[in-house]
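What follows is a short report on a single structure.
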Amino acid sequence: MRRGNDVIRPGSDPDETARILDTMVQILATTGATIVLFTGPDLRETPVVGSIRGRVAIYNENIRTVAFRHDAVVADMWSLRELTAKETWDEDRLHFSPLGHHIIARRVLDTLNVPHDLSPAEARPVGSAPGGRPGSTTPCGRAIISSRG
């Protein structure tokens with residue numbers, strides 16, 4: 001499955017990425033699972049990667065189209081202005097830091113209307129949240145699937 005990081009590769013085609021994603025989500029949708037798709041973040045403040053902002057915007061619109069076609073939900077990372085803070089990015093400036101993942105986790109829970117007590121400014125170690133499983137993580141940018149309830 002293609003990931004959001006594929007969009008930043010030189011010569012990549014966000015429409016082709018969306019075509020492949022659409023096929024994958026179509027298959028997943030037959031399971032009756034809730035499918036959460038992520039938009040890419042707004043990278044305008046990020047040196048070097050900010051130059052592909054337009055490609056990310058196209059990718060995001062494709063994500064919304066795929067979600068609409070298959071009754072998936074969208075966790076909108078583009079609108080998370082908190083992700084422009086340096087502390088939300090790892091040292092490599094390509095991946096999110098624990099704080100960045102914490103902010104994204106809050107967005108996913110809010111998108112799914114799942115009650116939570118995650119503070120906007122306080123990251124918790126993996127597994128420390130109520131009901132969390134130590135050592136369990138989900139890489140950012142991949143579909144999260146849960147049973148419909």
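Letters A, B, ... mark the chains of the structure tokens in the order given; residue numbers begin at 1 per chain; ligand numbers begin at 1, in order shown.
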Using DSSP secondary structure from the backbone, list all helix (DSSP H, G or I) positions within range 8-115 of chain A, as a compact mmCIF listing (two decimals) with C-alpha atoms, in the first residue's frame.
```txt
# COMPACT_ATOMS: atom_id res chain seq x y z
CA ILE A 8 7.25 13.61 -1.26
CA PRO A 14 -0.54 11.88 -6.14
CA ASP A 15 -3.27 10.78 -8.54
CA GLU A 16 -1.62 7.40 -9.08
CA THR A 17 -1.17 7.05 -5.32
CA ALA A 18 -4.89 7.78 -4.91
CA ARG A 19 -5.83 5.21 -7.55
CA ILE A 20 -3.95 2.50 -5.68
CA LEU A 21 -5.34 3.68 -2.34
CA ASP A 22 -8.88 3.67 -3.75
CA THR A 23 -8.53 0.01 -4.70
CA MET A 24 -7.20 -0.90 -1.26
CA VAL A 25 -9.94 1.02 0.57
CA GLN A 26 -12.59 -0.54 -1.67
CA ILE A 27 -11.41 -3.98 -0.57
CA LEU A 28 -11.22 -2.96 3.11
CA ALA A 29 -14.70 -1.43 2.96
CA VAL A 49 9.68 19.61 2.13
CA GLY A 50 7.58 22.81 2.02
CA SER A 51 8.31 22.96 -1.71
CA ILE A 52 5.90 20.04 -2.32
CA ARG A 53 2.98 21.71 -0.54
CA GLY A 54 0.89 21.76 -3.74
CA ARG A 55 1.39 18.03 -4.30
CA VAL A 56 0.32 17.33 -0.71
CA ALA A 57 -2.80 19.45 -1.24
CA ILE A 58 -3.71 17.38 -4.32
CA TYR A 59 -3.05 14.19 -2.35
CA ASN A 60 -5.35 15.47 0.41
CA GLU A 61 -8.20 16.15 -1.99
CA ASN A 62 -7.73 12.66 -3.40
CA ILE A 63 -7.90 11.27 0.16
CA ARG A 64 -11.22 13.05 0.67
CA THR A 65 -12.56 11.66 -2.60
CA VAL A 66 -11.55 8.09 -1.71
CA ALA A 67 -13.08 8.49 1.74
CA PHE A 68 -16.34 9.77 0.26
CA ARG A 69 -16.52 6.92 -2.26
CA HIS A 70 -16.12 4.26 0.42
CA ARG A 81 -1.61 24.02 13.02
CA GLU A 82 0.09 22.53 16.08
CA LEU A 83 2.09 20.36 13.66
CA THR A 84 3.99 23.43 12.48
CA LYS A 86 9.39 22.23 15.67
CA GLU A 87 8.76 20.01 18.72
CA THR A 88 6.19 17.97 16.81
CA PRO A 98 6.16 11.57 20.16
CA LEU A 99 4.41 14.92 20.70
CA GLY A 100 3.42 15.05 17.03
CA HIS A 101 2.00 11.53 17.26
CA HIS A 102 0.14 12.53 20.42
CA ILE A 103 -1.50 15.45 18.60
CA ILE A 104 -2.44 13.17 15.70
CA ALA A 105 -3.85 10.55 18.09
CA ARG A 106 -6.10 13.22 19.60
CA ARG A 107 -7.30 14.13 16.09
CA VAL A 108 -8.13 10.50 15.30
CA LEU A 109 -10.06 10.05 18.54
CA ASP A 110 -11.94 13.30 17.91
CA THR A 111 -12.66 12.27 14.30
```
To one decimal in Å, tell me the separation between CA of His116 in chain A and CA of Ala33 in chain A.
21.1 Å
Kindly give the distance, in Å, that separates CA of Pro41 in chain A and CA of Asp92 in chain A, rounded to a single decimal.
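Computing the Euclidean distance for CA of Pro41 in chain A and CA of Asp92 in chain A yields 16.0 Å.
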For Asp42 in chain A, which of A:Val7, A:Leu80, A:Ala75, A:Leu118 is the closest residue, counting only C-alpha atoms?
A:Leu80
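You can rank A:Leu94, A:Val73, A:Ala85, A:Leu112 by their closest distance to Val36 in chain A using only C-alpha atoms, and at the top of that list sits A:Val73.
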What's the separation between CA of Glu45 in chain A and CA of Ser97 in chain A, in Å to one decimal place?
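Distance between the two atoms: 16.4 Å.
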